[in-house]
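**Q** Just model-v8.cif, nothing more (mmCIF, C-alpha atoms):
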```cif
data_protein
loop_
_atom_site.label_atom_id
_atom_site.label_comp_id
_atom_site.auth_asym_id
_atom_site.auth_seq_id
_atom_site.Cartn_x
_atom_site.Cartn_y
_atom_site.Cartn_z
CA MET A 1 -11.43 -89.13 -210.18
CA VAL A 2 -14.17 -86.61 -210.73
CA ALA A 3 -14.93 -86.56 -207.01
CA GLN A 4 -11.29 -85.83 -206.23
CA ARG A 5 -11.17 -82.84 -208.64
CA ASN A 6 -14.37 -81.30 -207.28
CA ASN A 7 -13.35 -81.77 -203.61
CA PRO A 8 -9.65 -81.03 -203.35
CA GLN A 9 -9.87 -80.62 -199.50
CA THR A 10 -11.17 -84.15 -198.95
CA THR A 11 -8.51 -86.36 -197.38
CA VAL A 12 -8.62 -90.06 -196.82
CA ILE A 13 -7.50 -91.16 -193.38
CA PRO A 14 -5.37 -94.29 -193.67
CA PRO A 15 -6.16 -97.12 -191.34
CA VAL A 16 -4.02 -97.42 -188.26
CA ALA A 17 -1.82 -100.43 -188.11
CA GLY A 18 -3.28 -103.18 -186.05
CA LYS A 19 -6.83 -101.76 -186.15
CA SER A 20 -9.58 -102.42 -188.64
CA THR A 21 -11.62 -99.61 -190.21
CA THR A 22 -14.82 -100.68 -188.54
CA LEU A 23 -17.80 -98.40 -187.89
CA GLN A 24 -16.84 -98.16 -184.18
CA PHE A 25 -13.31 -97.07 -185.12
CA LEU A 26 -14.59 -94.31 -187.39
CA PHE A 27 -17.02 -93.14 -184.66
CA ASP A 28 -14.14 -92.89 -182.13
CA LEU A 29 -12.09 -90.84 -184.57
CA ASP A 30 -15.00 -88.47 -185.13
CA SER A 31 -15.52 -88.03 -181.36
CA GLU A 32 -11.83 -87.20 -180.83
CA SER A 33 -11.89 -84.60 -183.59
CA CYS A 34 -15.05 -82.97 -182.16
CA SER A 35 -13.56 -82.75 -178.65
CA THR A 36 -10.38 -81.23 -180.03
CA GLN A 37 -12.43 -78.64 -181.89
CA ASN A 38 -14.43 -77.77 -178.75
CA ASP A 39 -11.21 -77.33 -176.75
CA ASP A 40 -9.93 -74.93 -179.39
CA GLU A 41 -13.18 -72.95 -179.22
CA ASP A 42 -12.95 -72.73 -175.41
CA LYS A 43 -9.41 -71.41 -175.68
CA ILE A 44 -10.56 -68.82 -178.18
CA GLN A 45 -13.43 -67.82 -175.86
CA ILE A 46 -11.09 -67.42 -172.91
CA PHE A 47 -8.97 -64.96 -174.80
CA ASP A 48 -11.99 -63.13 -176.23
CA PRO A 49 -11.31 -59.38 -175.72
CA ARG A 50 -14.97 -58.80 -174.82
CA ILE A 51 -14.71 -61.30 -171.95
CA GLU A 52 -11.47 -59.68 -170.81
CA GLU A 53 -13.15 -56.28 -170.84
CA LEU A 54 -16.08 -57.66 -168.84
CA THR A 55 -13.75 -59.24 -166.27
CA SER A 56 -11.71 -56.07 -165.82
CA ILE A 57 -14.87 -54.00 -165.29
CA ILE A 58 -16.16 -56.48 -162.69
CA VAL A 59 -12.84 -56.44 -160.80
CA TYR A 60 -12.73 -52.63 -160.83
CA CYS A 61 -16.33 -52.23 -159.63
CA THR A 62 -15.93 -54.76 -156.82
CA GLU A 63 -13.72 -52.43 -154.80
CA TYR A 64 -15.00 -49.42 -152.87
CA ARG A 65 -14.32 -46.04 -154.49
CA SER A 66 -14.26 -43.09 -152.13
CA ASN A 67 -13.43 -39.91 -154.04
CA ASP A 68 -15.68 -38.30 -156.64
CA LYS A 69 -13.39 -39.00 -159.59
CA GLU A 70 -13.19 -42.73 -158.91
CA SER A 71 -16.94 -42.86 -158.19
CA GLY A 72 -17.67 -41.24 -161.54
CA LEU A 73 -15.40 -43.72 -163.32
CA LYS A 74 -17.04 -46.59 -161.46
CA ARG A 75 -20.49 -45.46 -162.58
CA LEU A 76 -19.23 -45.24 -166.16
CA LYS A 77 -17.83 -48.77 -166.03
CA LEU A 78 -21.07 -50.07 -164.49
CA THR A 79 -23.00 -48.49 -167.35
CA GLN A 80 -20.68 -50.29 -169.80
CA LEU A 81 -21.24 -53.54 -167.90
CA LEU A 82 -25.01 -53.14 -168.07
CA SER A 83 -24.79 -52.46 -171.80
CA ILE A 84 -22.67 -55.58 -172.35
CA ILE A 85 -25.14 -57.75 -170.42
CA LYS A 86 -28.10 -56.31 -172.34
CA THR A 87 -26.56 -56.72 -175.80
CA SER A 88 -24.61 -59.94 -175.26
CA THR A 89 -25.89 -62.87 -177.31
CA THR A 90 -23.51 -65.49 -175.89
CA PRO A 91 -24.26 -66.80 -172.38
CA LEU A 92 -21.87 -65.90 -169.60
CA SER A 93 -19.75 -68.66 -168.15
CA ASP A 94 -20.23 -69.83 -164.56
CA GLN A 95 -16.89 -68.33 -163.58
CA THR A 96 -17.85 -64.92 -164.97
CA LEU A 97 -21.23 -65.12 -163.24
CA GLU A 98 -19.52 -65.97 -159.97
CA PHE A 99 -17.30 -62.86 -160.20
CA LEU A 100 -20.30 -60.80 -161.25
CA PHE A 101 -22.48 -61.83 -158.32
CA LYS A 102 -19.61 -61.28 -155.89
CA MET A 103 -19.31 -57.75 -157.25
CA LEU A 104 -23.07 -57.18 -156.85
CA ALA A 105 -23.02 -58.52 -153.28
CA SER A 106 -20.03 -56.39 -152.28
CA ASN A 107 -21.82 -53.23 -153.45
CA LEU A 108 -25.33 -54.01 -152.19
CA PHE A 109 -24.85 -55.75 -148.87
CA ARG A 110 -23.38 -53.03 -146.70
CA PRO A 111 -24.03 -51.67 -143.19
CA LEU A 112 -27.09 -49.40 -143.09
CA PRO A 113 -27.61 -46.54 -140.62
CA PRO A 114 -30.48 -47.03 -138.16
CA PRO A 115 -33.70 -45.34 -139.24
CA SER A 116 -34.51 -42.08 -137.50
CA SER A 117 -37.96 -41.18 -136.23
CA SER A 118 -38.22 -38.37 -138.79
CA THR A 119 -37.50 -40.76 -141.63
CA VAL A 120 -40.37 -43.06 -140.70
CA SER A 121 -43.12 -40.96 -139.22
CA VAL A 122 -42.82 -37.43 -140.61
CA ILE A 123 -42.72 -38.33 -144.29
CA SER A 124 -46.18 -39.15 -145.53
CA PRO A 125 -46.77 -41.76 -148.25
CA GLU A 126 -48.03 -39.06 -150.63
CA ASP A 127 -44.68 -37.22 -150.58
CA ASP A 128 -43.16 -39.19 -153.44
CA ASP A 129 -40.77 -36.39 -154.40
CA CYS A 130 -39.44 -35.99 -150.87
CA ILE A 131 -36.47 -38.25 -150.09
CA ALA A 132 -36.00 -38.61 -146.36
CA ALA A 133 -32.48 -40.07 -146.28
CA PRO A 134 -30.96 -40.27 -149.77
CA ALA A 135 -28.17 -42.79 -150.18
CA ALA A 136 -24.89 -41.14 -151.14
CA ALA A 137 -23.98 -44.11 -153.35
CA TRP A 138 -27.34 -44.21 -155.18
CA PRO A 139 -25.95 -43.09 -158.61
CA HIS A 140 -24.05 -46.38 -158.93
CA LEU A 141 -26.41 -48.45 -156.76
CA GLN A 142 -29.17 -47.75 -159.27
CA ILE A 143 -27.10 -49.38 -162.02
CA ILE A 144 -26.21 -52.27 -159.71
CA TYR A 145 -29.92 -53.02 -159.17
CA ASP A 146 -30.55 -52.79 -162.92
CA ILE A 147 -27.78 -55.32 -163.57
CA LEU A 148 -29.15 -57.69 -160.92
CA LEU A 149 -32.68 -57.42 -162.27
CA ARG A 150 -31.45 -58.02 -165.82
CA LEU A 151 -29.57 -61.15 -164.75
CA ILE A 152 -32.61 -62.54 -162.94
CA ILE A 153 -34.77 -61.97 -166.01
CA LYS A 154 -32.31 -63.37 -168.59
CA LYS A 155 -30.62 -66.25 -166.80
CA ASP A 156 -32.14 -69.67 -166.39
CA VAL A 157 -33.46 -70.50 -162.91
CA LYS A 158 -31.69 -73.85 -162.94
CA THR A 159 -28.35 -72.19 -163.60
CA LEU A 160 -28.73 -69.59 -160.88
CA ARG A 161 -29.84 -72.18 -158.34
CA GLN A 162 -27.33 -74.89 -159.29
CA VAL A 163 -24.33 -72.64 -158.69
CA GLN A 164 -26.03 -70.97 -155.69
CA PHE A 165 -25.72 -67.45 -157.10
CA ILE A 166 -29.15 -66.61 -155.64
CA GLY A 167 -29.50 -68.68 -152.49
CA ARG A 168 -31.40 -68.23 -149.27
CA SER A 169 -28.71 -66.08 -147.69
CA PHE A 170 -28.77 -63.82 -150.75
CA VAL A 171 -32.56 -63.39 -150.37
CA LEU A 172 -32.27 -62.66 -146.64
CA ASN A 173 -29.63 -60.00 -147.31
CA LEU A 174 -31.94 -58.41 -149.87
CA LEU A 175 -34.73 -58.20 -147.29
CA VAL A 176 -32.35 -56.37 -144.94
CA LEU A 177 -31.94 -53.68 -147.61
CA PHE A 178 -35.60 -52.71 -147.12
CA GLN A 179 -34.35 -50.80 -144.07
CA SER A 180 -32.58 -48.30 -146.32
CA GLY A 181 -33.57 -44.69 -145.73
CA ASP A 182 -33.72 -43.96 -149.46
CA PRO A 183 -37.18 -44.75 -150.92
CA ARG A 184 -35.63 -45.15 -154.38
CA GLU A 185 -33.47 -48.01 -153.15
CA ARG A 186 -36.39 -49.62 -151.31
CA ASP A 187 -38.41 -49.51 -154.52
CA ALA A 188 -35.53 -51.14 -156.43
CA VAL A 189 -35.25 -53.88 -153.78
CA LYS A 190 -39.02 -54.43 -154.01
CA ASN A 191 -38.79 -55.02 -157.78
CA VAL A 192 -35.90 -57.48 -157.39
CA VAL A 193 -37.53 -59.44 -154.55
CA HIS A 194 -40.84 -59.57 -156.39
CA ARG A 195 -39.12 -60.90 -159.51
CA ILE A 196 -37.29 -63.56 -157.48
CA TYR A 197 -40.56 -64.63 -155.84
CA SER A 198 -42.36 -64.98 -159.16
CA LYS A 199 -39.50 -66.81 -160.91
CA PHE A 200 -37.94 -68.94 -158.15
CA THR A 201 -41.06 -70.89 -157.19
CA PHE A 202 -39.13 -73.23 -154.88
CA TYR A 203 -38.24 -70.25 -152.64
CA ARG A 204 -41.81 -68.95 -152.20
CA SER A 205 -42.59 -70.61 -148.87
CA PHE A 206 -39.22 -69.55 -147.46
CA MET A 207 -39.65 -65.97 -148.67
CA ARG A 208 -43.15 -65.67 -147.22
CA LYS A 209 -41.85 -66.83 -143.84
CA ALA A 210 -38.90 -64.42 -144.01
CA MET A 211 -41.15 -61.44 -144.82
CA THR A 212 -43.54 -62.48 -142.04
CA ASP A 213 -40.62 -62.45 -139.60
CA VAL A 214 -39.87 -58.86 -140.66
CA PHE A 215 -43.45 -57.83 -139.83
CA LEU A 216 -43.48 -59.58 -136.46
CA HIS A 217 -40.12 -58.09 -135.51
CA TYR A 218 -41.44 -54.63 -136.43
CA VAL A 219 -44.67 -54.95 -134.42
CA TYR A 220 -43.37 -56.65 -131.27
CA GLU A 221 -39.62 -56.10 -131.00
CA THR A 222 -38.85 -52.58 -132.25
CA ASP A 223 -39.83 -49.01 -131.42
CA HIS A 224 -41.71 -48.82 -134.76
CA ARG A 225 -38.95 -46.94 -136.59
CA GLN A 226 -38.22 -49.49 -139.30
CA ASN A 227 -38.36 -48.65 -143.00
CA GLY A 228 -39.62 -50.84 -145.83
CA ILE A 229 -42.89 -52.12 -144.35
CA GLY A 230 -44.95 -50.51 -147.11
CA GLU A 231 -42.78 -51.98 -149.88
CA ILE A 232 -42.99 -55.49 -148.40
CA LEU A 233 -46.77 -55.09 -148.09
CA GLU A 234 -46.90 -54.22 -151.79
CA ILE A 235 -45.27 -57.56 -152.55
CA TRP A 236 -47.74 -59.29 -150.25
CA GLY A 237 -50.61 -57.57 -152.06
CA SER A 238 -49.78 -59.38 -155.29
CA ILE A 239 -49.15 -62.64 -153.38
CA ILE A 240 -52.57 -62.48 -151.68
CA ASN A 241 -54.18 -61.69 -155.00
CA GLY A 242 -52.97 -65.08 -156.23
CA PHE A 243 -54.35 -67.07 -153.29
CA THR A 244 -56.96 -69.65 -154.25
CA VAL A 245 -60.43 -69.90 -152.71
CA PRO A 246 -61.18 -71.33 -150.18
CA LEU A 247 -58.28 -69.81 -148.33
CA LYS A 248 -55.83 -72.08 -146.54
CA GLU A 249 -55.66 -71.99 -142.78
CA GLU A 250 -52.09 -70.65 -142.82
CA HIS A 251 -53.25 -67.69 -144.93
CA LYS A 252 -56.05 -66.88 -142.46
CA LEU A 253 -53.55 -67.07 -139.61
CA PHE A 254 -51.31 -64.63 -141.47
CA LEU A 255 -54.23 -62.20 -141.67
CA SER A 256 -55.17 -62.43 -137.99
CA ARG A 257 -51.69 -62.70 -136.47
CA VAL A 258 -49.64 -60.47 -138.78
CA LEU A 259 -51.69 -58.07 -140.91
CA ILE A 260 -54.24 -57.03 -138.27
CA PRO A 261 -51.59 -56.25 -135.59
CA LEU A 262 -49.91 -53.95 -138.14
CA HIS A 263 -52.77 -51.53 -137.41
CA LYS A 264 -51.37 -51.01 -133.93
CA PRO A 265 -48.12 -48.98 -134.45
CA LYS A 266 -48.48 -45.23 -134.12
CA ASN A 267 -46.87 -44.50 -137.51
CA MET A 268 -49.26 -46.76 -139.40
CA GLN A 269 -50.04 -43.86 -141.77
CA VAL A 270 -46.78 -44.53 -143.64
CA TYR A 271 -47.91 -47.93 -144.94
CA HIS A 272 -51.69 -47.90 -144.37
CA ARG A 273 -52.58 -47.75 -148.07
CA GLN A 274 -50.75 -51.02 -148.79
CA LEU A 275 -52.04 -52.61 -145.58
CA ALA A 276 -55.67 -51.75 -146.36
CA TYR A 277 -55.28 -53.24 -149.84
CA CYS A 278 -53.98 -56.54 -148.43
CA VAL A 279 -56.83 -56.76 -145.92
CA SER A 280 -59.47 -55.94 -148.54
CA GLN A 281 -58.07 -58.70 -150.78
CA PHE A 282 -58.76 -61.23 -148.02
CA VAL A 283 -62.30 -59.93 -147.47
CA GLN A 284 -63.06 -60.02 -151.21
CA LYS A 285 -61.96 -63.64 -151.41
CA GLU A 286 -63.95 -64.75 -148.35
CA ALA A 287 -66.62 -62.34 -147.11
CA GLU A 288 -66.93 -64.21 -143.80
CA ILE A 289 -63.53 -62.89 -142.74
CA GLY A 290 -64.85 -59.32 -142.66
CA GLY A 291 -66.46 -59.70 -139.24
CA VAL A 292 -63.21 -60.88 -137.66
CA VAL A 293 -61.29 -58.05 -139.28
CA ILE A 294 -63.67 -55.33 -138.10
CA GLY A 295 -63.75 -56.71 -134.56
CA LYS A 296 -59.96 -56.67 -134.29
CA ILE A 297 -59.59 -53.22 -135.88
CA LEU A 298 -62.03 -51.85 -133.29
CA LYS A 299 -59.83 -53.46 -130.64
CA TYR A 300 -56.79 -51.50 -131.90
CA TRP A 301 -58.70 -48.22 -132.27
CA PRO A 302 -56.49 -45.25 -131.30
CA VAL A 303 -57.38 -42.87 -128.50
CA THR A 304 -55.34 -39.74 -129.26
CA ASN A 305 -54.05 -40.31 -132.83
CA CYS A 306 -56.54 -38.44 -135.04
CA GLY A 307 -54.71 -39.24 -138.27
CA LYS A 308 -55.05 -42.97 -137.63
CA GLU A 309 -58.74 -42.54 -136.84
CA VAL A 310 -59.42 -40.95 -140.22
CA LEU A 311 -57.62 -43.78 -142.03
CA LEU A 312 -59.36 -46.51 -140.04
CA ILE A 313 -62.80 -45.06 -140.70
CA GLY A 314 -62.11 -45.23 -144.43
CA GLU A 315 -60.81 -48.79 -144.13
CA LEU A 316 -63.90 -49.90 -142.21
CA GLU A 317 -66.12 -48.39 -144.86
CA GLU A 318 -64.28 -50.29 -147.59
CA ILE A 319 -64.45 -53.59 -145.68
CA VAL A 320 -68.19 -53.19 -145.04
CA GLU A 321 -68.86 -52.88 -148.77
CA ASN A 322 -67.27 -56.30 -149.39
CA MET A 323 -68.30 -58.29 -146.32
CA ASP A 324 -71.27 -60.54 -145.72
CA ARG A 325 -74.46 -58.60 -144.92
CA GLN A 326 -75.56 -60.77 -142.01
CA GLN A 327 -72.17 -60.47 -140.37
CA PHE A 328 -72.34 -56.71 -140.76
CA LEU A 329 -75.71 -56.62 -139.02
CA ASN A 330 -74.23 -58.62 -136.15
CA LEU A 331 -71.48 -56.00 -135.78
CA ALA A 332 -73.73 -52.99 -136.35
CA ILE A 333 -73.96 -51.96 -132.69
CA PRO A 334 -70.21 -51.89 -131.78
CA LEU A 335 -69.40 -50.43 -135.19
CA TRP A 336 -71.91 -47.58 -134.92
CA THR A 337 -70.94 -46.96 -131.32
CA GLN A 338 -67.39 -46.23 -132.49
CA ILE A 339 -68.62 -44.14 -135.44
CA THR A 340 -70.76 -41.97 -133.16
CA LYS A 341 -67.78 -41.40 -130.89
CA CYS A 342 -65.89 -40.16 -133.93
CA ILE A 343 -68.82 -37.93 -134.93
CA LYS A 344 -68.60 -36.22 -131.53
CA SER A 345 -64.81 -35.86 -131.80
CA SER A 346 -63.44 -32.36 -131.23
CA ASN A 347 -61.07 -32.92 -134.16
CA SER A 348 -62.84 -31.59 -137.25
CA GLN A 349 -61.22 -34.07 -139.69
CA VAL A 350 -62.30 -37.08 -137.65
CA ALA A 351 -65.82 -35.71 -137.22
CA GLU A 352 -66.21 -34.88 -140.93
CA ARG A 353 -64.94 -38.32 -142.03
CA ALA A 354 -67.33 -40.05 -139.64
CA LEU A 355 -70.28 -37.95 -140.86
CA TYR A 356 -69.54 -38.95 -144.48
CA VAL A 357 -70.05 -42.58 -143.42
CA CYS A 358 -73.74 -41.79 -142.85
CA ASN A 359 -74.15 -41.40 -146.61
CA ASN A 360 -73.00 -45.00 -147.17
CA GLU A 361 -75.90 -47.19 -148.29
CA GLN A 362 -74.69 -50.25 -146.40
CA PHE A 363 -74.41 -48.31 -143.15
CA LEU A 364 -77.89 -46.82 -143.60
CA LYS A 365 -79.31 -50.33 -144.04
CA ALA A 366 -77.81 -51.27 -140.69
CA VAL A 367 -79.44 -48.21 -139.14
CA SER A 368 -82.82 -49.09 -140.61
CA GLN A 369 -82.62 -52.71 -139.42
CA GLU A 370 -81.23 -51.95 -135.95
CA LEU A 371 -83.36 -48.92 -135.15
CA ASP A 372 -83.90 -49.59 -131.47
CA GLU A 373 -80.17 -49.93 -130.76
CA VAL A 374 -78.37 -47.71 -133.28
CA PHE A 375 -80.79 -44.82 -133.87
CA PRO A 376 -80.85 -43.33 -130.33
CA VAL A 377 -77.02 -43.30 -130.11
CA LEU A 378 -76.72 -41.67 -133.51
CA VAL A 379 -79.38 -39.03 -132.80
CA GLU A 380 -77.65 -38.11 -129.55
CA ALA A 381 -74.35 -37.51 -131.40
CA ILE A 382 -76.10 -35.45 -134.09
CA GLU A 383 -77.86 -33.16 -131.62
CA LYS A 384 -74.71 -32.71 -129.55
CA ASN A 385 -72.74 -31.64 -132.63
CA LEU A 386 -75.38 -29.13 -133.70
CA THR A 387 -75.22 -27.30 -130.38
CA LEU A 388 -71.68 -27.79 -129.10
CA HIS A 389 -69.19 -28.42 -131.93
CA TRP A 390 -66.83 -25.54 -132.62
CA ASN A 391 -66.31 -26.16 -136.38
CA LYS A 392 -68.76 -24.62 -138.84
CA ASN A 393 -68.26 -27.28 -141.55
CA VAL A 394 -68.92 -30.06 -139.04
CA ARG A 395 -72.15 -28.37 -137.96
CA GLU A 396 -73.28 -28.04 -141.60
CA LEU A 397 -72.53 -31.71 -142.33
CA THR A 398 -74.31 -32.68 -139.11
CA HIS A 399 -77.39 -30.76 -140.22
CA ASN A 400 -77.39 -32.64 -143.55
CA VAL A 401 -77.19 -35.97 -141.73
CA LYS A 402 -80.03 -34.90 -139.42
CA THR A 403 -82.22 -34.16 -142.45
CA LEU A 404 -81.36 -37.57 -143.88
CA LEU A 405 -82.29 -39.38 -140.66
CA GLU A 406 -85.51 -37.41 -140.25
CA ASP A 407 -86.56 -38.41 -143.77
CA LEU A 408 -85.68 -42.02 -142.98
CA GLU A 409 -87.64 -42.30 -139.70
CA PRO A 410 -89.39 -39.04 -138.72
CA VAL A 411 -91.49 -40.53 -135.91
CA LEU A 412 -88.57 -42.39 -134.35
CA TYR A 413 -86.35 -39.31 -134.63
CA ARG A 414 -88.84 -37.21 -132.64
CA LYS A 415 -89.12 -40.00 -130.10
CA CYS A 416 -85.35 -40.11 -129.74
CA LEU A 417 -85.30 -36.33 -129.26
CA GLU A 418 -87.78 -36.64 -126.42
CA MET A 419 -85.72 -39.42 -124.85
CA ASN A 420 -82.59 -37.29 -125.14
CA GLU A 421 -84.39 -34.37 -123.51
CA ILE A 422 -85.52 -36.56 -120.62
CA HIS A 423 -81.99 -37.94 -120.28
CA TRP A 424 -80.55 -34.42 -120.28
CA LEU A 425 -83.00 -33.23 -117.62
CA THR A 426 -82.33 -36.28 -115.48
CA THR A 427 -78.59 -35.70 -115.77
CA ARG A 428 -78.98 -32.03 -114.77
CA LEU A 429 -81.15 -33.03 -111.79
CA ASP A 430 -78.57 -35.56 -110.63
CA GLU A 431 -75.82 -32.95 -110.93
CA ASN A 432 -77.80 -30.45 -108.87
CA THR A 433 -78.54 -33.07 -106.22
CA ARG A 434 -74.89 -34.06 -106.06
CA ARG A 435 -73.75 -30.42 -105.84
CA LYS A 436 -76.18 -29.62 -103.00
CA ARG A 437 -75.03 -32.71 -101.14
CA TRP A 438 -71.41 -31.57 -101.31
CA GLU A 439 -72.41 -28.09 -100.21
CA ARG A 440 -74.07 -29.53 -97.10
CA ILE A 441 -70.98 -31.63 -96.35
CA GLU A 442 -68.72 -28.57 -96.69
CA MET A 443 -71.07 -26.54 -94.44
CA VAL A 444 -70.99 -29.24 -91.73
CA ALA A 445 -67.22 -29.39 -92.00
CA ARG A 446 -66.88 -25.61 -91.52
CA THR A 447 -69.30 -25.71 -88.55
CA ASN A 448 -67.30 -28.43 -86.80
CA ASN A 449 -64.10 -26.45 -87.25
#
```
Just give me the structure of the file as C-alpha cells.
**A**
Amino acid sequence: MVAQRNNPQTTVIPPVAGKSTTLQFLFDLDSESCSTQNDDEDKIQIFDPRIEELTSIIVYCTEYRSNDKESGLKRLKLTQLLSIIKTSTTPLSDQTLEFLFKMLASNLFRPLPPPSSSTVSVISPEDDDCIAAPAAAWPHLQIIYDILLRLIIKKDVKTLRQVQFIGRSFVLNLLVLFQSGDPRERDAVKNVVHRIYSKFTFYRSFMRKAMTDVFLHYVYETDHRQNGIGEILEIWGSIINGFTVPLKEEHKLFLSRVLIPLHKPKNMQVYHRQLAYCVSQFVQKEAEIGGVVIGKILKYWPVTNCGKEVLLIGELEEIVENMDRQQFLNLAIPLWTQITKCIKSSNSQVAERALYVCNNEQFLKAVSQELDEVFPVLVEAIEKNLTLHWNKNVRELTHNVKTLLEDLEPVLYRKCLEMNEIHWLTTRLDENTRRKRWERIEMVARTNN
C-alpha cells in the first residue's frame, strides 16, 4: 500500500488470456514498447523545424542562380547551412546527407574554361595577390568548399563510404577542379583532397595513381597549359614525407618516370618550388638517388630559357648538399661542365647564379679532388668572363671567384693560365691559316674567271 501511494504512476499490466506471465513474455512486452517509443521519436525528428529548414536550404542552393539578387540570397542561405552543420549536435540522417552531397556536387562539378597561356606561364608563383582568372561564382563556392571540408572532418569514414557519398568518381571529379583558373579555388580543392587522402586510407593507392595520371597527361599529352600542377605537387610533398625507408620500387619509379620529366615543360617556373621540394625529399631519404636525379636534370637542361636555368642551378645545389659524396665525385665532371657553361652565359642572372655556386663547400671539394679535369675548364670560364662579359656585377663576382681559386691552388692556376694562353694562340694560328687558305682559293677562282 505504501508503494502504491508513493508511485501513483505505476500500473500493473494484467496477464493476457491464454499466456503466462513468464520472463520471456515480459521481455517481449518491453521490446514492443521500446520500438513504439523509437518510432514516435523518428516521427518527431522528421517534423523537426530545424530539419525542415535544413532541407529547404539544400533544395534552394541546389539550383543555379543567375542574377545578383538570387546569388546574394544563395550565399546567405549557404552561410546559414554552414552554421547549422557547425553547431548541430545531432547527426544528420542518410537521406539529408544524400541531398546535401547532391547539392555540393551540382555546385562544384561544372564545366571549366580551358586554361589560357597567360594564366599558366605569365603569373609567377610569388604573385600570391594576383588572381589570373577569378571564378565569378567564388563567393558561394568558398562556402561550398567549407561545408564539404566540415563534413569530411565531422562525419565517420564508414558512413561516408557505406552510402557512397565520397566514392571514386567523386574524387576524380575533385581532381578535375584543379584545372580551375582561380588559385583560391585550387587551394580549396587541395585542402579537401589532402583531407580525403589522410582520412580515407583505403583510397590512397587509387588517389596516387589518379594524381600520377594527371602529371603524365600534362607532360606528354598537352601543350603545357594546365593549371593545378603545383597544388597537386604540394599534396605529393606530404605523401613523400611519409614514405618509409628503404623506399619501395614503385616510389623510385614515380621519381624517375613522373617527377623528373616535370622539369621538361617550358613553364616549369610556375610549380618548380613544389617540384624541387618533392625531389629533395627523395634524396634526403636515400642519398644514392641523388646521382640519378642530377644526371636526368642535366639531360633536360634548357638551351634558351634563362629563367629555368637559374632555378635548376639552385635545385642542383640543394641536391648536392644531401647526396652521397662519392656519387657526387663521380658526377663532378659533367656537373661542372654545365656550371661553367652557365658562368659564361651572356645572361647576367644565369652567370651570377652559377658564380655563387663556387662558394659552395661541397662544390669546392669536388674541384679540389678533381683538379686535373675540373680546374682547367673552370679557369677558362673565369678568364673569359673577366675580359669579355658585358655586365659589371658579373665581372666583379668573377674576380672574387678567381681570388678564391688562386688561394686554393696558386701553382695549378698559373699552369692553367699558361695552357689557356697556348690554346688561344693555337686557335688564332689555325684561324689565320684557314683564312689564308680561303683567300688563295678565292684568288684562283677569280683568275680562272
**Q** Taking 4 positions as the minimum chain separation for residues in the same chain, which residues sit within 7 Å of Val283 (chain A) when counting all atoms listed in the file? Answer as a PyMOL selection string.
**A** chain A and resi 279+287+289-290+319+322-323
**Q** Mind writing the picked residues with C-alpha atoms as a short mmCIF file (atom, residue, chain, number, x, y, z; two decimals), in the frame of the given file?
**A**
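Contents of again.cif, freshly written:
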```cif
data_model
loop_
_atom_site.label_atom_id
_atom_site.label_comp_id
_atom_site.auth_asym_id
_atom_site.auth_seq_id
_atom_site.Cartn_x
_atom_site.Cartn_y
_atom_site.Cartn_z
CA VAL A 279 -56.83 -56.76 -145.92
CA ALA A 287 -66.62 -62.34 -147.11
CA ILE A 289 -63.53 -62.89 -142.74
CA GLY A 290 -64.85 -59.32 -142.66
CA ILE A 319 -64.45 -53.59 -145.68
CA ASN A 322 -67.27 -56.30 -149.39
CA MET A 323 -68.30 -58.29 -146.32
#
```
**Q** Please evaluate the PyMOL selection byres ((chain A and resi 325) around 10) against the displayed coordinates and give the resulting residues as a PyMOL selection string.
**A** chain A and resi 287-288+290-291+320-324+326-331+362+365-366
**Q** For the file shown, what are the residues hit by the PyMOL selection byres ((chain A and resi 237) around 10), laid out as a PyMOL selection string?
**A** chain A and resi 231-236+238-242+274-282
**Q** Give me, please, the distance in Å between CA of Asn420 (chain A) and CA of Ile313 (chain A), quoted to one decimal.
**A** 26.3 Å
**Q** Could you state the separation of CA of Val379 (chain A) and CA of Tyr413 (chain A) in Å, given to one decimal place?
**A** 7.2 Å
**Q** Take the PyMOL selection byres ((chain A and resi 89-101) around 8), apply it to the structure above, and return the hits as a ChimeraX atom specification.
**A** /A:55,58-59,87-88,102-105,163,165
